[in-house]
>>> print(open('upload-v1.cif').read())   # mmCIF, C-alpha atoms
data_entry
#
loop_
_atom_site.label_atom_id
_atom_site.label_comp_id
_atom_site.auth_asym_id
_atom_site.auth_seq_id
_atom_site.Cartn_x
_atom_site.Cartn_y
_atom_site.Cartn_z
CA MET A 288 5.99 -22.37 11.68
CA ALA A 289 9.67 -21.76 10.89
CA VAL A 290 8.75 -20.91 7.30
CA ILE A 291 6.15 -18.37 8.45
CA GLU A 292 8.68 -16.83 10.84
CA ARG A 293 11.14 -16.35 7.98
CA ILE A 294 8.44 -14.71 5.85
CA TRP A 295 6.99 -12.44 8.54
CA TYR A 296 10.17 -11.44 10.30
CA GLY A 297 12.38 -11.14 7.25
CA HIS A 298 11.95 -10.67 3.52
CA ASN A 299 12.23 -13.19 0.72
CA LEU A 300 10.70 -14.02 -2.63
CA LEU A 301 7.58 -15.55 -1.07
CA THR A 302 6.95 -12.29 0.82
CA SER A 303 6.89 -10.41 -2.49
CA LEU A 304 4.57 -12.96 -4.05
CA LEU A 305 2.09 -12.58 -1.19
CA LEU A 306 2.05 -8.78 -1.22
CA PRO A 307 -0.97 -8.39 -3.58
CA VAL A 308 -3.09 -10.49 -1.18
CA SER A 309 -1.66 -8.47 1.70
CA TRP A 310 -2.78 -5.21 0.07
CA VAL A 311 -6.33 -6.56 -0.26
CA PHE A 312 -6.30 -7.62 3.41
CA GLY A 313 -5.18 -4.14 4.43
CA ALA A 314 -7.91 -2.49 2.39
CA VAL A 315 -10.56 -4.69 3.99
CA ALA A 316 -9.17 -3.97 7.48
CA ARG A 317 -9.31 -0.22 6.88
CA ARG A 318 -12.86 -0.43 5.52
CA ARG A 319 -14.06 -2.38 8.57
CA ARG A 320 -12.49 0.20 10.87
CA ARG A 321 -14.18 3.06 9.00
CA ALA A 322 -17.53 1.28 9.21
CA TYR A 323 -17.16 1.01 12.99
CA LEU A 324 -16.31 4.69 13.30
CA ASP A 325 -19.36 5.54 11.17
CA GLN A 326 -21.55 3.53 13.54
CA LEU A 327 -20.10 5.39 16.49
CA ALA A 328 -20.72 8.73 14.83
CA THR A 329 -24.33 7.86 14.00
CA ASN A 330 -24.97 6.09 17.34
CA THR A 331 -26.11 2.93 15.52
CA ILE A 332 -23.97 0.38 17.37
CA TRP A 333 -25.24 -1.45 20.45
CA LYS A 334 -23.62 -0.16 23.64
CA PRO A 335 -23.72 -2.69 26.49
CA PRO A 336 -24.87 -1.39 29.90
CA VAL A 337 -21.49 -2.28 31.48
CA PRO A 338 -17.98 -1.21 30.43
CA ILE A 339 -16.26 -3.30 27.78
CA ILE A 340 -12.47 -3.67 27.89
CA VAL A 341 -10.95 -5.12 24.73
CA VAL A 342 -7.52 -6.72 25.01
CA GLY A 343 -6.00 -7.55 21.64
CA ASN A 344 -3.17 -6.92 19.26
CA ILE A 345 -2.54 -5.69 15.74
CA SER A 346 -0.26 -8.60 14.87
CA VAL A 347 -0.74 -12.34 14.91
CA GLY A 348 0.25 -14.50 17.84
CA GLY A 349 2.89 -14.62 20.51
CA THR A 350 2.58 -11.17 22.11
CA GLY A 351 1.68 -12.32 25.64
CA LYS A 352 -1.98 -11.34 25.37
CA THR A 353 -3.44 -14.18 27.45
CA PRO A 354 -1.35 -13.44 30.58
CA VAL A 355 -2.34 -9.77 30.21
CA VAL A 356 -6.04 -10.70 30.11
CA ILE A 357 -5.59 -12.84 33.23
CA ALA A 358 -3.76 -10.02 35.03
CA VAL A 359 -6.44 -7.46 34.09
CA VAL A 360 -9.26 -9.75 35.27
CA GLU A 361 -7.48 -10.51 38.56
CA PHE A 362 -6.83 -6.80 39.10
CA LEU A 363 -10.52 -6.02 38.56
CA GLN A 364 -11.49 -8.76 40.99
CA GLY A 365 -9.12 -7.28 43.56
CA LEU A 366 -10.85 -3.91 43.19
CA GLY A 367 -14.21 -5.50 43.97
CA TYR A 368 -15.57 -5.68 40.42
CA GLN A 369 -17.25 -8.81 39.09
CA PRO A 370 -15.68 -9.22 35.66
CA GLY A 371 -16.61 -11.66 32.95
CA VAL A 372 -14.81 -12.64 29.76
CA VAL A 373 -16.03 -13.13 26.20
CA ALA A 374 -13.90 -14.82 23.57
CA ARG A 375 -14.17 -16.29 20.12
CA GLY A 376 -13.08 -19.74 21.27
CA TYR A 377 -10.56 -20.29 18.50
CA GLY A 378 -9.79 -23.98 18.00
CA GLY A 379 -12.88 -25.11 19.90
CA LYS A 380 -15.88 -26.91 18.42
CA PRO A 381 -18.82 -26.34 20.76
CA ALA A 382 -22.13 -28.10 20.18
CA SER A 383 -23.79 -24.68 20.25
CA VAL A 384 -23.02 -21.06 21.02
CA PRO A 385 -23.02 -19.00 23.13
CA LEU A 386 -21.27 -21.44 25.47
CA LEU A 387 -20.70 -20.69 29.16
CA LEU A 388 -17.64 -22.58 30.34
CA GLN A 389 -18.03 -25.04 33.19
CA SER A 390 -15.47 -26.94 35.28
CA ASP A 391 -15.80 -29.95 32.99
CA THR A 392 -15.79 -28.11 29.65
CA PRO A 393 -13.05 -29.68 27.48
CA ALA A 394 -10.59 -27.58 25.53
CA ALA A 395 -11.79 -29.30 22.36
CA ALA A 396 -15.17 -27.61 22.84
CA CYS A 397 -14.10 -24.10 23.87
CA GLY A 398 -10.48 -23.60 22.79
CA ASP A 399 -7.33 -23.54 24.91
CA GLU A 400 -7.14 -19.82 25.76
CA PRO A 401 -10.72 -19.44 27.10
CA LEU A 402 -10.28 -22.57 29.22
CA LEU A 403 -7.01 -21.24 30.64
CA LEU A 404 -8.68 -17.90 31.42
CA TYR A 405 -11.54 -19.67 33.19
CA ARG A 406 -9.28 -21.91 35.26
CA ARG A 407 -6.90 -19.14 36.27
CA THR A 408 -9.49 -16.49 37.17
CA GLY A 409 -12.67 -18.40 38.05
CA CYS A 410 -14.76 -15.68 36.41
CA PRO A 411 -17.59 -16.50 33.98
CA VAL A 412 -16.32 -17.02 30.43
CA VAL A 413 -18.57 -17.19 27.36
CA ILE A 414 -17.37 -18.14 23.90
CA ASP A 415 -19.11 -17.14 20.70
CA PRO A 416 -17.72 -15.81 17.40
CA ASP A 417 -20.49 -13.20 17.67
CA ARG A 418 -19.08 -11.07 20.50
CA PRO A 419 -22.18 -8.89 21.06
CA ARG A 420 -24.25 -12.06 21.42
CA ALA A 421 -21.68 -13.42 23.87
CA VAL A 422 -21.92 -10.20 25.92
CA ARG A 423 -25.72 -10.32 25.97
CA HIS A 424 -25.64 -13.94 27.14
CA LEU A 425 -23.10 -13.16 29.84
CA LEU A 426 -25.24 -10.32 31.12
CA GLN A 427 -28.31 -12.57 31.18
CA ILE A 428 -26.73 -15.37 33.20
CA SER A 429 -24.41 -13.46 35.53
CA ASN A 430 -24.08 -10.25 37.54
CA CYS A 431 -20.95 -9.06 35.76
CA ASP A 432 -20.36 -5.32 36.03
CA VAL A 433 -17.42 -5.16 33.59
CA ILE A 434 -16.60 -7.42 30.63
CA VAL A 435 -13.21 -8.16 29.11
CA SER A 436 -13.14 -9.20 25.46
CA ASP A 437 -10.20 -11.47 24.76
CA ASP A 438 -8.58 -10.80 21.38
CA GLY A 439 -11.42 -8.57 20.20
CA MET A 440 -9.53 -5.64 18.67
CA GLN A 441 -10.69 -6.35 15.13
CA HIS A 442 -14.17 -7.54 16.07
CA TYR A 443 -15.85 -4.27 15.16
CA ALA A 444 -19.38 -5.53 15.77
CA LEU A 445 -18.60 -5.04 19.46
CA TYR A 446 -18.57 -1.60 21.06
CA ARG A 447 -15.63 -0.98 23.37
CA ASP A 448 -14.98 1.54 26.14
CA ILE A 449 -11.29 0.76 26.65
CA GLU A 450 -8.86 -0.73 24.13
CA LEU A 451 -5.62 -2.30 25.31
CA THR A 452 -3.20 -3.44 22.63
CA VAL A 453 -0.44 -5.92 23.47
CA VAL A 454 2.81 -5.60 21.50
CA ASP A 455 5.86 -7.86 21.55
CA GLY A 456 8.69 -5.51 22.47
CA GLU A 457 11.28 -7.88 21.02
CA ARG A 458 9.75 -8.88 17.68
CA GLY A 459 7.74 -5.73 17.04
CA PHE A 460 5.75 -5.83 13.80
CA GLY A 461 8.06 -8.00 11.73
CA ASN A 462 8.37 -6.92 8.12
CA GLY A 463 5.53 -4.42 8.52
CA HIS A 464 3.20 -6.10 6.02
CA TYR A 465 -0.42 -7.15 6.42
CA LEU A 466 -1.39 -10.82 6.43
CA PRO A 467 -0.45 -13.08 4.77
CA ALA A 468 2.82 -11.43 3.66
CA GLY A 469 3.44 -10.19 7.21
CA PRO A 470 2.03 -10.58 10.72
CA LEU A 471 -0.13 -7.43 10.80
CA ARG A 472 -3.90 -7.40 11.21
CA GLU A 473 -3.96 -3.60 11.25
CA ALA A 474 -1.39 -0.89 10.57
CA PRO A 475 0.91 0.36 13.36
CA GLU A 476 -0.85 3.74 13.07
CA ARG A 477 -3.80 2.07 14.80
CA LEU A 478 -1.86 2.26 18.08
CA ALA A 479 -2.43 6.01 18.19
CA THR A 480 -6.19 5.40 18.55
CA VAL A 481 -6.15 2.88 21.43
CA ASP A 482 -6.30 3.77 25.11
CA ALA A 483 -3.05 2.04 26.00
CA VAL A 484 -0.32 -0.09 24.47
CA VAL A 485 1.09 -2.74 26.81
CA LEU A 486 4.58 -3.62 25.69
CA ASN A 487 5.89 -7.10 26.45
CA GLY A 488 9.43 -6.64 27.73
CA GLY A 489 9.11 -2.87 28.10
CA GLY A 490 11.11 -0.47 25.99
CA GLU A 491 9.71 2.15 23.66
CA LEU A 492 7.78 2.35 20.41
CA ALA A 493 8.52 5.18 18.03
CA GLY A 494 5.69 7.71 17.99
CA VAL A 495 3.71 5.96 20.75
CA SER A 496 3.21 7.93 23.95
CA ASN A 497 0.57 5.74 25.62
CA ALA A 498 2.77 2.65 26.17
CA TYR A 499 3.18 0.74 29.44
CA GLY A 500 5.72 -2.04 29.92
CA PHE A 501 5.21 -5.47 31.42
CA ARG A 502 7.19 -8.67 31.75
CA LEU A 503 6.22 -12.33 31.93
CA GLU A 504 7.43 -13.66 35.25
CA PRO A 505 7.54 -17.42 36.02
CA SER A 506 5.72 -18.17 39.27
CA HIS A 507 5.49 -21.91 39.91
CA LEU A 508 5.26 -25.40 38.43
CA PHE A 509 2.06 -27.39 38.10
CA GLN A 510 1.98 -31.19 37.83
CA LEU A 511 -0.72 -32.17 35.38
CA THR A 512 -2.02 -35.47 36.77
CA SER A 513 -1.93 -34.67 40.49
CA GLY A 514 -2.87 -31.01 40.20
CA ARG A 515 -0.29 -29.97 42.75
CA SER A 516 1.68 -26.74 42.56
CA GLU A 517 5.38 -26.74 43.38
CA PRO A 518 8.22 -24.20 43.46
CA ILE A 519 10.26 -24.02 40.28
CA ASP A 520 13.34 -25.45 41.97
CA THR A 521 11.41 -28.65 42.72
CA LEU A 522 12.78 -30.06 39.47
CA ASP A 523 16.47 -30.71 39.00
CA GLN A 524 17.66 -28.13 36.46
CA ARG A 525 20.82 -30.13 35.79
CA THR A 526 18.87 -33.00 34.18
CA PRO A 527 17.73 -32.48 30.55
CA VAL A 528 13.98 -31.97 30.13
CA HIS A 529 11.69 -31.94 27.13
CA ALA A 530 10.24 -28.45 26.55
CA LEU A 531 6.94 -28.42 24.68
CA ALA A 532 5.24 -25.30 23.33
CA GLY A 533 2.32 -24.88 20.94
CA ILE A 534 1.98 -21.10 21.19
CA GLY A 535 2.47 -18.10 18.91
CA ASN A 536 6.12 -17.65 19.90
CA PRO A 537 7.56 -20.94 21.25
CA GLY A 538 11.04 -19.44 21.40
CA ARG A 539 10.01 -17.16 24.27
CA PHE A 540 9.01 -20.17 26.37
CA PHE A 541 12.22 -22.01 25.55
CA ASP A 542 14.27 -18.92 26.44
CA THR A 543 12.41 -18.62 29.75
CA LEU A 544 13.23 -22.19 30.70
CA THR A 545 16.85 -21.74 29.68
CA GLY A 546 17.00 -18.56 31.76
CA LEU A 547 15.74 -20.53 34.75
CA GLY A 548 18.65 -22.93 34.34
CA PHE A 549 16.91 -25.84 32.64
CA ASP A 550 18.75 -27.93 30.06
CA ILE A 551 16.00 -28.25 27.46
CA ILE A 552 15.22 -30.39 24.45
CA PRO A 553 12.80 -28.07 22.57
CA HIS A 554 9.68 -29.28 20.76
CA ALA A 555 7.75 -26.52 18.96
CA PHE A 556 4.19 -27.12 17.76
CA PRO A 557 1.77 -24.85 15.85
CA ASP A 558 -0.31 -22.42 17.89
CA HIS A 559 -3.52 -24.00 19.27
CA PHE A 560 -2.24 -27.48 18.36
CA ALA A 561 -4.56 -30.40 19.21
CA TYR A 562 -2.28 -32.86 20.99
CA THR A 563 -2.53 -36.64 21.03
CA ARG A 564 -0.84 -38.94 23.52
CA GLN A 565 1.87 -39.71 20.96
CA ASP A 566 2.71 -36.01 20.58
CA ILE A 567 3.63 -35.61 24.24
CA ASP A 568 5.32 -38.99 24.84
CA PHE A 569 9.00 -38.92 23.91
CA ASN A 570 9.73 -42.54 24.82
CA ASP A 571 11.98 -41.82 27.78
CA ALA A 572 11.71 -40.96 31.48
CA LYS A 573 12.66 -37.28 31.15
CA ILE A 574 10.41 -34.59 32.61
CA ILE A 575 8.22 -32.80 30.03
CA LEU A 576 7.64 -29.09 30.66
CA MET A 577 4.95 -27.18 28.76
CA THR A 578 3.07 -23.89 28.81
CA GLU A 579 -0.20 -23.42 30.68
CA LYS A 580 -1.99 -23.03 27.37
CA ASP A 581 -0.73 -26.45 26.30
CA ALA A 582 -1.45 -28.00 29.68
CA VAL A 583 -5.21 -27.40 29.54
CA LYS A 584 -5.31 -29.62 26.45
CA CYS A 585 -3.00 -32.32 27.79
CA THR A 586 -4.30 -33.09 31.29
CA GLU A 587 -6.33 -36.12 30.21
CA ILE A 588 -3.45 -37.66 28.26
CA ALA A 589 -0.61 -36.79 30.65
CA ASP A 590 1.31 -38.88 33.17
CA GLU A 591 3.61 -38.12 36.10
CA ARG A 592 6.32 -36.77 33.79
CA HIS A 593 4.21 -33.84 32.57
CA TRP A 594 4.50 -30.44 34.21
CA CYS A 595 3.67 -26.89 33.16
CA LEU A 596 5.26 -23.57 34.04
CA ALA A 597 2.83 -20.89 35.23
CA VAL A 598 3.69 -17.29 34.35
CA ASN A 599 2.22 -13.95 35.37
CA ALA A 600 2.15 -10.62 33.56
CA VAL A 601 3.84 -8.14 35.88
CA PHE A 602 3.31 -4.45 35.09
CA GLY A 603 5.24 -1.37 36.10
CA ASP A 604 3.88 0.93 38.79
CA ASP A 605 1.90 3.15 36.42
CA PHE A 606 -0.34 0.90 34.33
CA LEU A 607 -2.80 -0.56 36.85
CA PRO A 608 -3.52 2.80 38.57
CA TRP A 609 -4.11 4.27 35.10
CA LEU A 610 -6.49 1.41 34.24
CA GLU A 611 -8.47 1.92 37.45
CA GLN A 612 -8.87 5.64 36.75
CA ARG A 613 -9.79 5.03 33.12
CA LEU A 614 -12.42 2.48 34.11
CA GLN A 615 -13.96 4.79 36.67
CA ALA A 616 -14.19 7.48 33.98
CA VAL A 617 -16.22 5.27 31.63
CA MET A 618 -18.54 3.61 34.18
CA ARG A 619 -22.10 4.07 33.08
#
>>> encode(input="upload-v1.cif", output="structure tokens")
Amino acid sequence: MAVIERIWYGHNLLTSLLLPVSWVFGAVARRRRRAYLDQLATNTIWKPPVPIIVVGNISVGGTGKTPVVIAVVEFLQGLGYQPGVVARGYGGKPASVPLLLQSDTPAAACGDEPLLLYRRTGCPVVIDPDRPRAVRHLLQISNCDVIVSDDGMQHYALYRDIELTVVDGERGFGNGHYLPAGPLREAPERLATVDAVVLNGGGELAGVSNAYGFRLEPSHLFQLTSGRSEPIDTLDQRTPVHALAGIGNPGRFFDTLTGLGFDIIPHAFPDHFAYTRQDIDFNDAKIILMTEKDAVKCTEIADERHWCLAVNAVFGDDFLPWLEQRLQAVMR
């Protein structure tokens, strides 16, 4: 992961060597976008009977997308809507798709992010690489009146009424190159076409007028084996703890713990890492703190030392009222 960080958020010889592949990736991305716009113009794409909200990003990993999806779903529930979620299920190996998540669905079958979304929101979640098929299945087995597509920005087989793009306000777009030379899935110019940009950490983006800030705010601790929630100050911040993160930007989690006063021993793993017992046992009695995304994969192999830190996406005063008005405008 450290090597990728140096390539994507800097420039070296390997970056230059990867540029020809990056140019091909960019050309394919632009062609797929044009094909979607052609379908819209000719009315040849399937339009679901309920609004579709896509939450995604134009760069790879670590933007804070999953907490944003959770916050959007919980906001819709608070308004009286009955939202559902569709996702690809990256990292999961289901026996068949579409798969409707249940209380006993393991992360190995559905992926860590969908399982976290299901456990945090309680709304129906369907995984399927074919997003339109996932939407059709969700509509058949539930009474959802709005559907949120997790990480579906570049899935152009799916029609969307509202596009929300999550951007890391600290790291931005790295070296500005497409994959694999850089972190970009689409060009920054794509932001001008989405309904809103939600900026992790706030701030401003040059040339972007539709941006809304948010921050990730720690809320409580969760003990994996007992299932109990506790205030953050339950743990003694003066005693060193192991900090474990297998997410797109582990440094953000480590910085959060440090900001809370914890003395951490950091352990960074690749995004969507499949943990074994040995990976999360550091042969001592120290507390082990991890992200919620890691916790859904570690519950069955954890012991009393293992805790996770829950975080919420907290928006400014303007974004959620805007989202409510925008949704009302597209209701069919």
>>> residues_around(input="upload-v1.cif", residues="A:Arg375", least_positions_apart="4", cutoff="7 Å", atoms="only C-alpha atoms", output="list in words")
Ile414, Asp415 and Pro416 of chain A
>>> resolve_selection(input="upload-v1.cif", expression="the PyMOL selection byres ((chain A and resi 614-617) around 8)", output="JSON, numbers by chain")
{"A": [338, 448, 449, 610, 611, 612, 613, 618, 619]}
>>> write_last_selection(input="upload-v1.cif", atoms="C-alpha atoms", output="PDB file, in the frame of the given file")
ATOM      1  CA  PRO A 338     -17.980  -1.210  30.430  1.00  0.00           C
ATOM      2  CA  ASP A 448     -14.980   1.540  26.140  1.00  0.00           C
ATOM      3  CA  ILE A 449     -11.290   0.760  26.650  1.00  0.00           C
ATOM      4  CA  LEU A 610      -6.490   1.410  34.240  1.00  0.00           C
ATOM      5  CA  GLU A 611      -8.470   1.920  37.450  1.00  0.00           C
ATOM      6  CA  GLN A 612      -8.870   5.640  36.750  1.00  0.00           C
ATOM      7  CA  ARG A 613      -9.790   5.030  33.120  1.00  0.00           C
ATOM      8  CA  MET A 618     -18.540   3.610  34.180  1.00  0.00           C
ATOM      9  CA  ARG A 619     -22.100   4.070  33.080  1.00  0.00           C
TER      10      ARG A 619
END
>>> resolve_selection(input="upload-v1.cif", expression="the PyMOL selection byres ((chain A and resi 461) around 9)", output="PyMOL selection string")
chain A and resi 292+294-297+346+458-460+462-464+469-471
>>> resolve_selection(input="upload-v1.cif", expression="the PyMOL selection byres ((chain A and resi 427-436) around 8)", output="ChimeraX atom specification")
/A:337-342,356,360,368-374,411,418,422-426,437-439
>>> write_last_selection(input="upload-v1.cif", atoms="C-alpha atoms", output="mmCIF file, keeping the file's coordinate frame")
data_model
loop_
_atom_site.group_PDB
_atom_site.id
_atom_site.type_symbol
_atom_site.label_atom_id
_atom_site.label_comp_id
_atom_site.auth_asym_id
_atom_site.auth_seq_id
_atom_site.Cartn_x
_atom_site.Cartn_y
_atom_site.Cartn_z
ATOM 1 C CA VAL A 337 -21.490 -2.280 31.480
ATOM 2 C CA PRO A 338 -17.980 -1.210 30.430
ATOM 3 C CA ILE A 339 -16.260 -3.300 27.780
ATOM 4 C CA ILE A 340 -12.470 -3.670 27.890
ATOM 5 C CA VAL A 341 -10.950 -5.120 24.730
ATOM 6 C CA VAL A 342 -7.520 -6.720 25.010
ATOM 7 C CA VAL A 356 -6.040 -10.700 30.110
ATOM 8 C CA VAL A 360 -9.260 -9.750 35.270
ATOM 9 C CA TYR A 368 -15.570 -5.680 40.420
ATOM 10 C CA GLN A 369 -17.250 -8.810 39.090
ATOM 11 C CA PRO A 370 -15.680 -9.220 35.660
ATOM 12 C CA GLY A 371 -16.610 -11.660 32.950
ATOM 13 C CA VAL A 372 -14.810 -12.640 29.760
ATOM 14 C CA VAL A 373 -16.030 -13.130 26.200
ATOM 15 C CA ALA A 374 -13.900 -14.820 23.570
ATOM 16 C CA PRO A 411 -17.590 -16.500 33.980
ATOM 17 C CA ARG A 418 -19.080 -11.070 20.500
ATOM 18 C CA VAL A 422 -21.920 -10.200 25.920
ATOM 19 C CA ARG A 423 -25.720 -10.320 25.970
ATOM 20 C CA HIS A 424 -25.640 -13.940 27.140
ATOM 21 C CA LEU A 425 -23.100 -13.160 29.840
ATOM 22 C CA LEU A 426 -25.240 -10.320 31.120
ATOM 23 C CA ASP A 437 -10.200 -11.470 24.760
ATOM 24 C CA ASP A 438 -8.580 -10.800 21.380
ATOM 25 C CA GLY A 439 -11.420 -8.570 20.200
#
>>> atom_distance(input="upload-v1.cif", atom1="atom CA of A:Leu478", atom2="atom CA of A:Arg318")
16.9 Å
>>> closest_atom_pairs(input="upload-v1.cif", of="stretch 474-552 of chain A", to="stretch 580-592 of chain A", cutoff="12 Å", atoms="all atoms listed in the file", output="JSON lines")
{"residue": "A:Leu508", "atom": "CA", "partner": "A:Ala582", "partner_atom": "CA", "distance": 11.3}
{"residue": "A:Phe509", "atom": "CA", "partner": "A:Ala582", "partner_atom": "CA", "distance": 9.1}
{"residue": "A:Gln510", "atom": "CA", "partner": "A:Glu591", "partner_atom": "CA", "distance": 7.3}
{"residue": "A:Leu511", "atom": "CA", "partner": "A:Thr586", "partner_atom": "CA", "distance": 5.5}
{"residue": "A:Thr512", "atom": "CA", "partner": "A:Asp590", "partner_atom": "CA", "distance": 6.0}
{"residue": "A:Ser513", "atom": "CA", "partner": "A:Glu591", "partner_atom": "CA", "distance": 7.9}
{"residue": "A:Gly514", "atom": "CA", "partner": "A:Thr586", "partner_atom": "CA", "distance": 9.3}
{"residue": "A:Arg515", "atom": "CA", "partner": "A:Glu591", "partner_atom": "CA", "distance": 11.2}
{"residue": "A:Leu522", "atom": "CA", "partner": "A:Arg592", "partner_atom": "CA", "distance": 10.9}
{"residue": "A:Val528", "atom": "CA", "partner": "A:Arg592", "partner_atom": "CA", "distance": 9.8}
{"residue": "A:His529", "atom": "CA", "partner": "A:Arg592", "partner_atom": "CA", "distance": 9.8}
{"residue": "A:Ala530", "atom": "CA", "partner": "A:Asp581", "partner_atom": "CA", "distance": 11.2}
{"residue": "A:Leu531", "atom": "CA", "partner": "A:Asp581", "partner_atom": "CA", "distance": 8.1}
{"residue": "A:Ala532", "atom": "CA", "partner": "A:Asp581", "partner_atom": "CA", "distance": 6.8}
{"residue": "A:Gly533", "atom": "CA", "partner": "A:Asp581", "partner_atom": "CA", "distance": 6.4}
{"residue": "A:Ile534", "atom": "CA", "partner": "A:Lys580", "partner_atom": "CA", "distance": 7.6}
{"residue": "A:Gly535", "atom": "CA", "partner": "A:Lys580", "partner_atom": "CA", "distance": 10.8}
{"residue": "A:Pro537", "atom": "CA", "partner": "A:Asp581", "partner_atom": "CA", "distance": 11.2}
{"residue": "A:Phe540", "atom": "CA", "partner": "A:Lys580", "partner_atom": "CA", "distance": 11.4}
>>> closest_residue(input="upload-v1.cif", among="A:Leu404, A:Ala314, A:Ala479, A:Ile552", to="A:Glu361", atoms="all atoms listed in the file")
A:Leu404
